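Text of run_0.cif (mmCIF, C-alpha atoms) as supplied:
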data_upload
#
loop_
_atom_site.label_atom_id
_atom_site.label_comp_id
_atom_site.auth_asym_id
_atom_site.auth_seq_id
_atom_site.Cartn_x
_atom_site.Cartn_y
_atom_site.Cartn_z
CA MET W 1 26.61 -11.68 63.56
CA ASN W 2 24.04 -10.25 65.96
CA SER W 3 20.63 -11.23 64.50
CA ASN W 4 19.15 -7.95 65.66
CA ALA W 5 21.96 -5.76 64.37
CA SER W 6 19.75 -3.98 61.90
CA PHE W 7 17.50 -2.78 64.68
CA ASN W 8 20.33 -1.97 67.09
CA ASN W 9 22.04 0.16 64.45
CA GLY W 10 18.87 2.13 63.87
CA HIS W 11 18.35 1.23 60.21
CA GLU W 12 15.75 -0.80 58.35
CA PRO W 13 16.73 -4.45 57.76
CA THR W 14 18.13 -5.07 54.28
CA ILE W 15 18.26 -8.04 51.94
CA SER W 16 21.87 -8.46 53.07
CA ASP W 17 20.70 -8.80 56.70
CA VAL W 18 18.24 -11.51 55.64
CA ALA W 19 20.96 -13.36 53.72
CA ASP W 20 23.35 -13.23 56.70
CA ARG W 21 20.73 -14.50 59.13
CA ALA W 22 19.63 -17.34 56.83
CA GLY W 23 23.21 -18.24 55.89
CA VAL W 24 22.62 -17.88 52.14
CA SER W 25 23.58 -15.53 49.34
CA ILE W 26 21.72 -12.33 48.50
CA ARG W 27 20.86 -13.88 45.13
CA THR W 28 19.10 -16.79 46.86
CA VAL W 29 17.05 -14.39 48.99
CA SER W 30 16.13 -12.49 45.84
CA ARG W 31 14.90 -15.71 44.25
CA VAL W 32 12.60 -16.36 47.21
CA LEU W 33 11.28 -12.78 47.10
CA ASN W 34 10.52 -13.24 43.40
CA ASN W 35 8.85 -16.64 43.95
CA SER W 36 11.45 -18.47 41.89
CA PRO W 37 11.11 -22.28 41.93
CA ARG W 38 14.91 -22.62 41.92
CA VAL W 39 15.16 -22.78 45.73
CA SER W 40 14.84 -25.90 47.89
CA ASP W 41 12.00 -26.11 50.39
CA ASP W 42 14.38 -26.13 53.36
CA THR W 43 16.26 -23.06 52.13
CA ARG W 44 13.02 -21.23 51.33
CA GLU W 45 11.72 -21.94 54.83
CA ARG W 46 14.96 -20.67 56.42
CA ILE W 47 14.81 -17.44 54.38
CA GLU W 48 11.13 -16.89 55.17
CA GLN W 49 11.86 -17.32 58.87
CA ALA W 50 14.67 -14.75 58.62
CA ILE W 51 12.37 -12.32 56.82
CA ALA W 52 9.75 -12.70 59.56
CA ALA W 53 12.27 -12.39 62.40
CA LEU W 54 13.79 -9.21 60.96
CA ASN W 55 10.43 -7.80 59.82
CA PHE W 56 12.07 -7.27 56.43
CA ARG W 57 10.07 -5.50 53.73
CA PRO W 58 11.56 -5.22 50.26
CA SER W 59 11.57 -1.63 49.08
CA LEU W 60 9.18 -0.65 46.31
CA ARG W 61 12.12 0.65 44.30
CA ALA W 62 14.00 -2.63 44.61
CA ARG W 63 10.95 -4.64 43.61
CA ALA W 64 10.36 -2.36 40.65
CA LEU W 65 13.94 -2.78 39.42
CA ALA W 66 13.79 -6.55 39.84
CA LYS W 67 10.44 -6.94 38.09
CA GLY W 68 10.72 -4.15 35.52
CA ARG W 69 7.53 -2.62 36.89
CA SER W 70 6.65 0.38 39.05
CA PHE W 71 4.11 -1.36 41.31
CA LEU W 72 1.95 1.74 40.94
CA ILE W 73 -1.72 1.75 39.95
CA GLY W 74 -3.41 4.89 38.70
CA ILE W 75 -7.00 6.03 39.07
CA VAL W 76 -8.39 8.57 36.59
CA HIS W 77 -11.70 10.25 37.29
CA ASN W 78 -13.81 13.35 36.88
CA ASP W 79 -16.10 12.96 39.89
CA ARG W 80 -16.95 16.01 41.99
CA ASN W 81 -18.68 13.86 44.60
CA ALA W 82 -15.97 13.49 47.25
CA LEU W 83 -17.94 10.83 49.15
CA VAL W 84 -18.20 8.58 46.11
CA LEU W 85 -14.57 9.12 45.15
CA ASP W 86 -13.34 8.42 48.68
CA THR W 87 -15.20 5.09 48.76
CA VAL W 88 -13.73 4.10 45.39
CA GLN W 89 -10.20 5.06 46.43
CA ARG W 90 -10.50 3.05 49.63
CA GLY W 91 -11.70 0.01 47.67
CA VAL W 92 -8.81 0.28 45.21
CA GLY W 93 -6.37 0.83 48.07
CA ARG W 94 -7.47 -2.25 50.01
CA GLU W 95 -6.84 -4.62 47.10
CA ALA W 96 -3.72 -2.82 45.90
CA THR W 97 -2.13 -2.99 49.36
CA ARG W 98 -2.97 -6.67 49.63
CA ARG W 99 -1.17 -7.29 46.33
CA GLY W 100 1.82 -5.06 47.11
CA TYR W 101 0.96 -2.04 44.95
CA GLU W 102 0.60 1.67 45.66
CA VAL W 103 -2.13 3.95 44.25
CA ILE W 104 -2.06 7.43 42.74
CA CYS W 105 -5.08 9.42 41.63
CA HIS W 106 -5.57 11.90 38.78
CA SER W 107 -8.51 14.13 37.86
CA THR W 108 -9.07 14.49 34.12
CA PRO W 109 -10.78 17.73 32.98
CA LEU W 110 -13.48 16.51 30.60
CA GLU W 111 -14.55 20.03 29.71
CA GLU W 112 -11.29 20.71 27.90
CA GLU W 113 -10.12 19.34 24.57
CA GLY W 114 -7.37 16.79 24.80
CA ALA W 115 -8.84 14.63 27.59
CA ILE W 116 -7.32 11.51 26.04
CA GLU W 117 -3.87 13.10 25.86
CA ASP W 118 -4.27 14.23 29.48
CA VAL W 119 -4.82 10.61 30.58
CA LEU W 120 -1.91 9.35 28.45
CA ALA W 121 0.40 12.06 29.80
CA PHE W 122 -0.51 11.04 33.37
CA ALA W 123 0.23 7.40 32.57
CA ARG W 124 3.61 8.27 31.03
CA ARG W 125 4.94 10.59 33.73
CA SER W 126 3.74 8.45 36.64
CA ARG W 127 5.00 5.22 35.02
CA ILE W 128 2.02 3.30 36.32
CA ASP W 129 1.65 -0.42 35.63
CA GLY W 130 -2.07 -0.09 35.02
CA LEU W 131 -5.07 2.17 35.23
CA ILE W 132 -8.52 2.09 36.86
CA VAL W 133 -10.77 4.32 34.73
CA LEU W 134 -13.87 5.66 36.46
CA PRO W 135 -16.97 7.08 34.77
CA PRO W 136 -17.47 9.47 33.09
CA VAL W 137 -13.84 9.27 31.93
CA SER W 138 -14.29 5.61 30.96
CA GLY W 139 -16.90 6.66 28.39
CA ILE W 140 -14.58 8.97 26.43
CA ILE W 141 -14.70 7.74 22.83
CA GLY W 142 -11.31 6.46 21.72
CA LEU W 143 -9.71 6.32 25.18
CA PRO W 144 -9.50 2.51 25.53
CA GLN W 145 -7.94 2.24 22.07
CA ALA W 146 -5.42 4.98 22.92
CA LEU W 147 -4.46 3.15 26.12
CA GLN W 148 -4.04 -0.07 24.15
CA ALA W 149 -1.74 1.70 21.71
CA GLU W 150 0.37 2.91 24.65
CA GLN W 151 0.33 -0.61 26.12
CA VAL W 152 -1.28 0.60 29.33
CA ALA W 153 -3.35 -2.09 31.02
CA ALA W 154 -6.73 -0.62 31.95
CA VAL W 155 -9.93 -1.73 33.69
CA ALA W 156 -13.01 0.47 33.56
CA LEU W 157 -16.14 0.99 35.63
CA SER W 158 -19.16 1.78 33.49
CA ALA W 159 -22.95 1.65 33.28
CA VAL W 160 -22.70 0.03 29.82
CA PRO W 161 -20.26 -2.38 28.14
CA ILE W 162 -17.31 -0.68 26.42
CA ASP W 163 -14.98 -2.35 23.95
CA GLY W 164 -11.22 -1.96 24.26
CA TYR W 165 -10.58 -2.16 27.99
CA GLY W 166 -8.97 -5.19 29.56
CA SER W 167 -12.13 -5.61 31.61
CA VAL W 168 -15.24 -3.58 32.42
CA ILE W 169 -17.02 -3.76 35.78
CA LEU W 170 -20.65 -3.05 34.99
CA SER W 171 -22.97 -1.00 37.16
CA ARG W 172 -26.45 -1.75 35.82
CA GLU W 173 -27.92 1.64 36.50
CA ALA W 174 -30.82 1.47 34.03
CA ASP W 175 -32.18 -1.60 35.82
CA ALA W 176 -31.79 0.10 39.21
CA ALA W 177 -33.58 3.24 38.04
CA GLY W 178 -36.35 1.05 36.66
CA ALA W 179 -36.73 -0.51 40.12
CA VAL W 180 -37.26 3.00 41.51
CA ALA W 181 -40.09 3.63 39.03
CA ASP W 182 -41.71 0.27 39.83
CA TYR W 183 -41.51 1.04 43.54
CA LEU W 184 -43.10 4.49 43.24
CA VAL W 185 -45.91 3.20 41.05
CA ALA W 186 -46.55 0.37 43.54
CA LEU W 187 -46.95 3.07 46.21
CA GLY W 188 -49.72 4.61 44.13
CA HIS W 189 -47.81 7.60 42.75
CA GLN W 190 -49.09 8.88 39.41
CA ARG W 191 -47.68 12.43 39.33
CA ILE W 192 -43.98 11.56 39.17
CA ALA W 193 -41.20 13.96 38.17
CA MET W 194 -37.49 13.40 37.57
CA VAL W 195 -34.31 15.42 37.89
CA THR W 196 -31.83 13.80 35.51
CA GLY W 197 -28.07 14.02 35.49
CA PRO W 198 -26.25 15.72 32.59
CA GLN W 199 -27.24 13.94 29.40
CA SER W 200 -23.68 14.08 28.13
CA MET W 201 -22.82 11.35 30.67
CA ILE W 202 -23.55 7.66 30.14
CA SER W 203 -24.62 7.19 33.77
CA ALA W 204 -27.23 9.94 33.49
CA ILE W 205 -28.53 8.63 30.16
CA GLU W 206 -28.88 5.12 31.57
CA ARG W 207 -30.67 6.24 34.75
CA ARG W 208 -33.13 8.32 32.73
CA ARG W 209 -33.72 5.53 30.22
CA GLY W 210 -34.34 2.88 32.85
CA PHE W 211 -36.71 5.10 34.84
CA ILE W 212 -38.83 6.22 31.87
CA GLU W 213 -39.01 2.75 30.32
CA ALA W 214 -40.28 1.34 33.63
CA LEU W 215 -42.90 4.09 33.90
CA ASP W 216 -44.02 3.24 30.36
CA ARG W 217 -44.35 -0.43 31.28
CA ASN W 218 -46.53 0.64 34.20
CA ARG W 219 -48.56 2.95 31.92
CA VAL W 220 -47.64 6.03 33.92
CA ALA W 221 -46.55 9.17 32.08
CA LEU W 222 -43.66 11.20 33.46
CA LEU W 223 -45.15 14.43 34.79
CA HIS W 224 -42.08 16.58 34.17
CA GLU W 225 -38.28 16.29 33.93
CA ILE W 226 -35.44 18.74 34.41
CA GLU W 227 -31.81 18.15 33.55
CA GLY W 228 -29.38 18.72 36.40
CA ASP W 229 -25.62 18.37 36.62
CA TYR W 230 -25.34 16.19 39.76
CA SER W 231 -24.69 19.27 41.95
CA LEU W 232 -26.62 20.54 44.96
CA ALA W 233 -27.30 23.84 43.18
CA SER W 234 -28.91 22.09 40.22
CA GLY W 235 -31.08 20.04 42.59
CA VAL W 236 -32.24 23.24 44.28
CA ALA W 237 -32.95 24.92 40.93
CA ALA W 238 -34.92 21.92 39.68
CA ALA W 239 -36.92 21.74 42.90
CA GLU W 240 -37.83 25.43 42.60
CA GLN W 241 -39.47 24.63 39.26
CA LEU W 242 -41.03 21.28 40.13
CA LEU W 243 -42.49 22.49 43.42
CA SER W 244 -44.10 25.41 41.62
CA LEU W 245 -46.18 23.10 39.43
CA SER W 246 -49.91 22.88 39.97
CA PRO W 247 -50.84 20.28 40.95
CA LEU W 248 -47.60 19.34 42.67
CA PRO W 249 -45.84 16.07 41.88
CA THR W 250 -46.34 13.46 44.57
CA ALA W 251 -42.91 11.92 43.95
CA ILE W 252 -39.58 13.14 42.56
CA PHE W 253 -36.69 10.89 41.53
CA ALA W 254 -33.32 12.63 41.52
CA ALA W 255 -30.50 10.94 39.61
CA ASN W 256 -28.11 11.32 42.54
CA ASP W 257 -28.27 11.87 46.30
CA ILE W 258 -26.76 15.37 46.15
CA MET W 259 -29.54 16.67 43.89
CA ALA W 260 -32.10 14.88 46.07
CA ALA W 261 -30.70 16.82 49.03
CA GLY W 262 -31.45 20.04 47.11
CA ILE W 263 -35.04 18.90 46.62
CA LEU W 264 -35.47 18.20 50.33
CA LYS W 265 -34.02 21.62 51.12
CA VAL W 266 -36.52 23.47 48.93
CA ALA W 267 -39.42 21.31 50.16
CA SER W 268 -38.52 22.21 53.74
CA GLU W 269 -38.32 25.91 52.91
CA ARG W 270 -41.77 25.74 51.29
CA ARG W 271 -43.17 23.66 54.15
CA ILE W 272 -44.00 20.77 51.87
CA ALA W 273 -43.83 17.68 54.04
CA VAL W 274 -41.74 14.68 53.03
CA PRO W 275 -42.66 11.83 52.58
CA ARG W 276 -46.28 12.95 52.30
CA PRO W 277 -47.49 14.70 50.24
CA LEU W 278 -44.06 14.53 48.53
CA SER W 279 -41.87 11.43 48.28
CA VAL W 280 -38.24 11.83 47.20
CA VAL W 281 -35.77 9.20 45.94
CA GLY W 282 -32.06 9.60 45.24
CA PHE W 283 -29.35 7.49 43.65
CA ASP W 284 -25.87 6.48 44.86
CA GLY W 285 -26.42 5.31 48.43
CA SER W 286 -23.75 7.65 49.72
CA LEU W 287 -23.40 8.85 53.32
CA VAL W 288 -25.50 11.87 52.32
CA ALA W 289 -28.61 9.67 52.21
CA GLU W 290 -28.22 8.79 55.90
CA LEU W 291 -27.38 12.32 57.02
CA LEU W 292 -30.49 13.93 55.50
CA THR W 293 -33.74 14.44 57.39
CA PRO W 294 -35.78 12.50 56.58
CA ALA W 295 -33.31 9.76 55.64
CA LEU W 296 -33.31 9.35 51.89
CA THR W 297 -34.63 6.37 49.97
CA THR W 298 -31.91 5.71 47.42
CA VAL W 299 -30.22 3.24 45.10
CA ALA W 300 -27.07 1.99 46.79
CA ARG W 301 -24.14 1.44 44.47
CA PRO W 302 -21.42 -0.75 46.05
CA PHE W 303 -18.56 1.52 44.94
CA GLY W 304 -15.98 -0.02 47.24
CA GLU W 305 -16.70 -3.59 46.22
CA MET W 306 -16.69 -2.69 42.52
CA ALA W 307 -13.38 -0.89 42.96
CA GLU W 308 -11.83 -3.91 44.69
CA ILE W 309 -12.95 -6.20 41.86
CA ALA W 310 -11.59 -3.78 39.26
CA THR W 311 -8.24 -3.59 41.07
CA HIS W 312 -7.98 -7.35 41.41
CA GLN W 313 -8.57 -7.77 37.69
CA LEU W 314 -6.16 -4.98 36.77
CA ILE W 315 -3.32 -6.51 38.77
CA ASP W 316 -4.06 -9.90 37.22
CA LEU W 317 -3.76 -8.25 33.80
CA VAL W 318 -0.47 -6.59 34.76
CA GLU W 319 0.94 -9.86 36.09
CA GLY W 320 -0.25 -11.92 33.12
CA LEU W 321 -2.72 -13.98 35.15
CA PRO W 322 -6.05 -15.25 33.79
CA LEU W 323 -8.97 -13.01 34.66
CA PRO W 324 -11.61 -14.65 36.85
CA GLN W 325 -15.21 -14.26 35.75
CA VAL W 326 -16.75 -12.23 38.56
CA ALA W 327 -20.38 -11.11 38.58
CA PRO W 328 -20.59 -7.40 39.41
CA PRO W 329 -22.28 -6.69 42.75
CA PRO W 330 -25.94 -5.68 42.34
CA LEU W 331 -27.30 -2.20 42.94
CA ARG W 332 -29.96 -2.15 45.69
CA LEU W 333 -32.99 0.02 46.31
CA VAL W 334 -32.72 0.92 50.00
CA ILE W 335 -36.00 2.22 51.39
CA ALA W 336 -35.87 4.88 54.09
CA GLN W 337 -38.07 7.66 55.47
CA SER W 338 -38.36 9.93 52.41
CA THR W 339 -40.95 7.78 50.61
CA THR W 340 -44.41 6.48 51.42
CA ALA W 341 -47.72 5.70 49.75
CA ALA W 342 -49.33 8.48 47.77
CA LEU W 343 -52.20 10.42 49.33
CA GLY W 344 -55.45 8.57 48.82
CA ARG W 345 -53.76 5.19 48.81
CA ARG W 346 -53.59 2.95 51.83
CA PHE W 347 -50.13 2.99 53.43
CA ILE W 348 -47.99 0.00 52.41
CA SER W 349 -46.09 -1.13 55.49
CA ALA W 350 -43.96 -3.96 54.10
CA GLU W 351 -42.10 -2.78 51.05
CA PRO W 352 -39.11 -4.86 50.03
CA GLU W 353 -35.79 -3.52 51.31
CA ALA W 354 -34.02 -4.01 48.01
CA HIS W 355 -34.63 -4.68 44.33
#

Would you kindly transcribe this structure into structure tokens?
Amino acid sequence: MNSNASFNNGHEPTISDVADRAGVSIRTVSRVLNNSPRVSDDTRERIEQAIAALNFRPSLRARALAKGRSFLIGIVHNDRNALVLDTVQRGVGREATRRGYEVICHSTPLEEEGAIEDVLAFARRSRIDGLIVLPPVSGIIGLPQALQAEQVAAVALSAVPIDGYGSVILSREADAAGAVADYLVALGHQRIAMVTGPQSMISAIERRRGFIEALDRNRVALLHEIEGDYSLASGVAAAEQLLSLSPLPTAIFAANDIMAAGILKVASERRIAVPRPLSVVGFDGSLVAELLTPALTTVARPFGEMAEIATHQLIDLVEGLPLPQVAPPPLRLVIAQSTTAALGRRFISAEPEAH
């Protein structure tokens, strides 16, 4: 048989083509594809050489039938920040592709009743092998238990530990927000305000808690706080109020970069210079922080790396492998042009790059 027949005939090489080229049965090729030990080393090498020569790739459908799995991983989220979500999806996709899985994404409407049933319905109709659950969906009370009952393997990302998931990749956001407070106090800021995220979300609660506790440790009272919803509009609305105070705050910490962008917008419109007299800090470390003028001091969350770790652990769960103990990547305070020493305090020229 012509070894390149599959290409000459204009069709993708099949398992039958591999078997013909290697001089073995289709069943033997299938054993090699499924990593069966019941194949001699010489035969395995011959089959692997045939696979490489023909550029054979087993179809997802064939693999699914052989393994009794779909080789699909789901992501459920409720994140309106497209930059954050894109980074997470890319991180999941990198590890999933490496392990031979495909990824599908689903947005769960938290505002409606039945969020748990929405996630379960997605898992059923898509026939996924496992689920990556992003915050704030991961914090829905009862969701991990419902997924367990449906026998859906699930790994969550969260700012706090949550019982019931196969694994939880922690993002220690309270500690990171505390580092922001320590940094601002070290710069001499005493009139410090905060724009929080929605206090119905664990991430927002943790960022607020960490920031205020660190101010308390430094014996600095929070000048004023306003609850936002992580949107640009809420950052603008909060800035309108905070920049109408007398005296003005010398520093504002926004619980995400998008709201911080709203603060910079209002400050520019009111001709209030940043970083002096007003310093501004965000949270997320998204591309937004680099695009703003001045560039935004922010807490960088390694979304992509966390997503890769979560995906690795999820696939290990699906395949019955032991889960490695992996320390979650740290959040870093990245100092840029939107912060400096408070008026009346000597400029500090050598702040640490990260906490």

Query - Length of the CA of Leu343 in chain W to CA of Leu278 in chain W vector [Å] - result: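 Spanning CA of Leu343 in chain W to CA of Leu278 in chain W is a straight-line distance of 9.2 Å.
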
So what does the PyMOL selection byres ((chain W and resi 167) around 7) actually pick up in this one, as a PDB file with C-alpha atoms, in the coordinates of the input?
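Output (result28.pdb):
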ATOM      1  CA  VAL W 155      -9.930  -1.730  33.690  1.00  0.00           C
ATOM      2  CA  ALA W 156     -13.010   0.470  33.560  1.00  0.00           C
ATOM      3  CA  TYR W 165     -10.580  -2.160  27.990  1.00  0.00           C
ATOM      4  CA  GLY W 166      -8.970  -5.190  29.560  1.00  0.00           C
ATOM      5  CA  VAL W 168     -15.240  -3.580  32.420  1.00  0.00           C
ATOM      6  CA  ILE W 169     -17.020  -3.760  35.780  1.00  0.00           C
TER       7      ILE W 169
END

**Report entry** Protein and nucleic acid residues near (-5.8, -4.4, 31.8) (cut-off 8 Å, all atoms listed in the file) as a list in words
**Finding:**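 Result, sorted by chain then residue number: Gly130, Leu131, Val152, Ala153, Ala154, Val155, Tyr165, Gly166, Ser167, Gln313, Leu314, Ile315, Asp316, Leu317 and Val318 of chain W.
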
Query raised in the report: Contacts of range 189-194 of chain W at 6 Å or less, counting all atoms listed in the file, minus same-chain residues fewer than 4 places along, as number ranges by chain?
Result: W: 184-185, 222-225, 249-254, 342

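Residues in contact with His77 in chain W at up to 10 Å, not including ones fewer than 5 positions away on its chain and judged by only C-alpha atoms, are W:Leu85, W:Cys105, W:His106, W:Ser107, W:Thr108, W:Pro109, W:Leu110, W:Val119, W:Ile132, W:Val133, W:Leu134, W:Pro135, W:Pro136, W:Val137, W:Ser138.
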
Protein, DNA and RNA residues within 9 Å of (-16.9, 5.9, 42.3), only C-alpha atoms, as a PDB file with C-alpha atoms, in the coordinates of the input:
ATOM      1  CA  HIS W  77     -11.700  10.250  37.290  1.00  0.00           C
ATOM      2  CA  ASP W  79     -16.100  12.960  39.890  1.00  0.00           C
ATOM      3  CA  ASN W  81     -18.680  13.860  44.600  1.00  0.00           C
ATOM      4  CA  LEU W  83     -17.940  10.830  49.150  1.00  0.00           C
ATOM      5  CA  VAL W  84     -18.200   8.580  46.110  1.00  0.00           C
ATOM      6  CA  LEU W  85     -14.570   9.120  45.150  1.00  0.00           C
ATOM      7  CA  ASP W  86     -13.340   8.420  48.680  1.00  0.00           C
ATOM      8  CA  THR W  87     -15.200   5.090  48.760  1.00  0.00           C
ATOM      9  CA  VAL W  88     -13.730   4.100  45.390  1.00  0.00           C
ATOM     10  CA  GLN W  89     -10.200   5.060  46.430  1.00  0.00           C
ATOM     11  CA  LEU W 134     -13.870   5.660  36.460  1.00  0.00           C
ATOM     12  CA  PRO W 135     -16.970   7.080  34.770  1.00  0.00           C
ATOM     13  CA  LEU W 157     -16.140   0.990  35.630  1.00  0.00           C
ATOM     14  CA  ARG W 301     -24.140   1.440  44.470  1.00  0.00           C
ATOM     15  CA  PRO W 302     -21.420  -0.750  46.050  1.00  0.00           C
ATOM     16  CA  PHE W 303     -18.560   1.520  44.940  1.00  0.00           C
ATOM     17  CA  GLY W 304     -15.980  -0.020  47.240  1.00  0.00           C
ATOM     18  CA  MET W 306     -16.690  -2.690  42.520  1.00  0.00           C
ATOM     19  CA  ALA W 307     -13.380  -0.890  42.960  1.00  0.00           C
TER      20      ALA W 307
END

Report task. Point out the residue among W:Ser70, W:Ser126, W:Thr196, W:Asn55 with the least atom-to-atom distance to Glu227 in chain W, counting only C-alpha atoms. Result ->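 The shortest atom-to-atom distance to Glu227 in chain W comes from W:Thr196.
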
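Of the listed residues (W:Asp284, W:Gly188, W:Ala238, W:Thr97), W:Asp284 comes nearest to Ser203 in chain W; the distances count all atoms listed in the file.
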
**Report entry** Atomic separation - CA of Lys265 in chain W relative to CA of Gly235 in chain W, Å
**Finding:** 9.2 Å

Query raised in the report: Could you state the separation of CA of Tyr101 in chain W and CA of Phe71 in chain W in Å, given to one decimal place?
Result: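 Between these atoms lies a distance of 4.9 Å.
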
Query raised in the report: Care to translate the PyMOL selection byres ((chain W and resi 199) around 12) into actual residues of this file, as a ChimeraX atom specification?
Result: /W:136,195-198,200-209,226-230,255

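Residues within 6 Å of range 21-34 of chain W, counting all atoms listed in the file and excluding same-chain residues fewer than 6 positions away, are Arg46, Ile47 and Ala50 of chain W.
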
Put those residues in a file: C-alpha atoms, as a compact mmCIF listing (two decimals), in the frame of the given file.
# COMPACT_ATOMS: atom_id res chain seq x y z
CA ARG W 46 14.96 -20.67 56.42
CA ILE W 47 14.81 -17.44 54.38
CA ALA W 50 14.67 -14.75 58.62

Requested in this report: Excluding Pro144 in chain W and residues on its chain fewer than 3 positions from it, collect all residues at most 7 Å away from it, counting only C-alpha atoms, and give them as a list in words.
Outcome: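 The filter keeps Leu147, Gln148, Gly164 and Tyr165 of chain W.
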
Report task. I would like the residues chosen by the PyMOL selection byres ((chain W and resi 172) around 10) on the shown file; could you give them as number ranges by chain? Result -> W: 158-161, 169-171, 173-177, 203, 206-207, 210, 301, 328-331

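Nearest to Phe122 in chain W of all the residues W:Ile75, W:Ile335, W:Ala181, W:Ile309 is W:Ile75, counting all atoms listed in the file.
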
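Closest to Arg80 in chain W among W:Ala295, W:Leu232, W:Ile141, W:Ala146 is W:Leu232, based on only C-alpha atoms.
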
Query - Polymer residues at most 10 Å from Glu95 in chain W, all atoms listed in the file, same-chain spacing of 2 or more positions, as a ChimeraX atom specification - result: /W:90-93,97-102,305,307-312,315

Would you save the residues of that selection, restricted to C-alpha atoms, as a PDB file, in the frame of the given file?
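Saved the output as again.pdb:
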ATOM      1  CA  ARG W  90     -10.500   3.050  49.630  1.00  0.00           C
ATOM      2  CA  GLY W  91     -11.700   0.010  47.670  1.00  0.00           C
ATOM      3  CA  VAL W  92      -8.810   0.280  45.210  1.00  0.00           C
ATOM      4  CA  GLY W  93      -6.370   0.830  48.070  1.00  0.00           C
ATOM      5  CA  THR W  97      -2.130  -2.990  49.360  1.00  0.00           C
ATOM      6  CA  ARG W  98      -2.970  -6.670  49.630  1.00  0.00           C
ATOM      7  CA  ARG W  99      -1.170  -7.290  46.330  1.00  0.00           C
ATOM      8  CA  GLY W 100       1.820  -5.060  47.110  1.00  0.00           C
ATOM      9  CA  TYR W 101       0.960  -2.040  44.950  1.00  0.00           C
ATOM     10  CA  GLU W 102       0.600   1.670  45.660  1.00  0.00           C
ATOM     11  CA  GLU W 305     -16.700  -3.590  46.220  1.00  0.00           C
ATOM     12  CA  ALA W 307     -13.380  -0.890  42.960  1.00  0.00           C
ATOM     13  CA  GLU W 308     -11.830  -3.910  44.690  1.00  0.00           C
ATOM     14  CA  ILE W 309     -12.950  -6.200  41.860  1.00  0.00           C
ATOM     15  CA  ALA W 310     -11.590  -3.780  39.260  1.00  0.00           C
ATOM     16  CA  THR W 311      -8.240  -3.590  41.070  1.00  0.00           C
ATOM     17  CA  HIS W 312      -7.980  -7.350  41.410  1.00  0.00           C
ATOM     18  CA  ILE W 315      -3.320  -6.510  38.770  1.00  0.00           C
TER      19      ILE W 315
END

Requested in this report: For each of W:Leu187, W:Val288, W:Leu243, W:Leu248, take the minimum atom-to-atom distance to Ala267 in chain W, counting all atoms listed in the file, then give the residue where this is smallest.
Outcome: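 Going through W:Leu187, W:Val288, W:Leu243, W:Leu248 one by one, the smallest distance to Ala267 in chain W is for W:Leu243.
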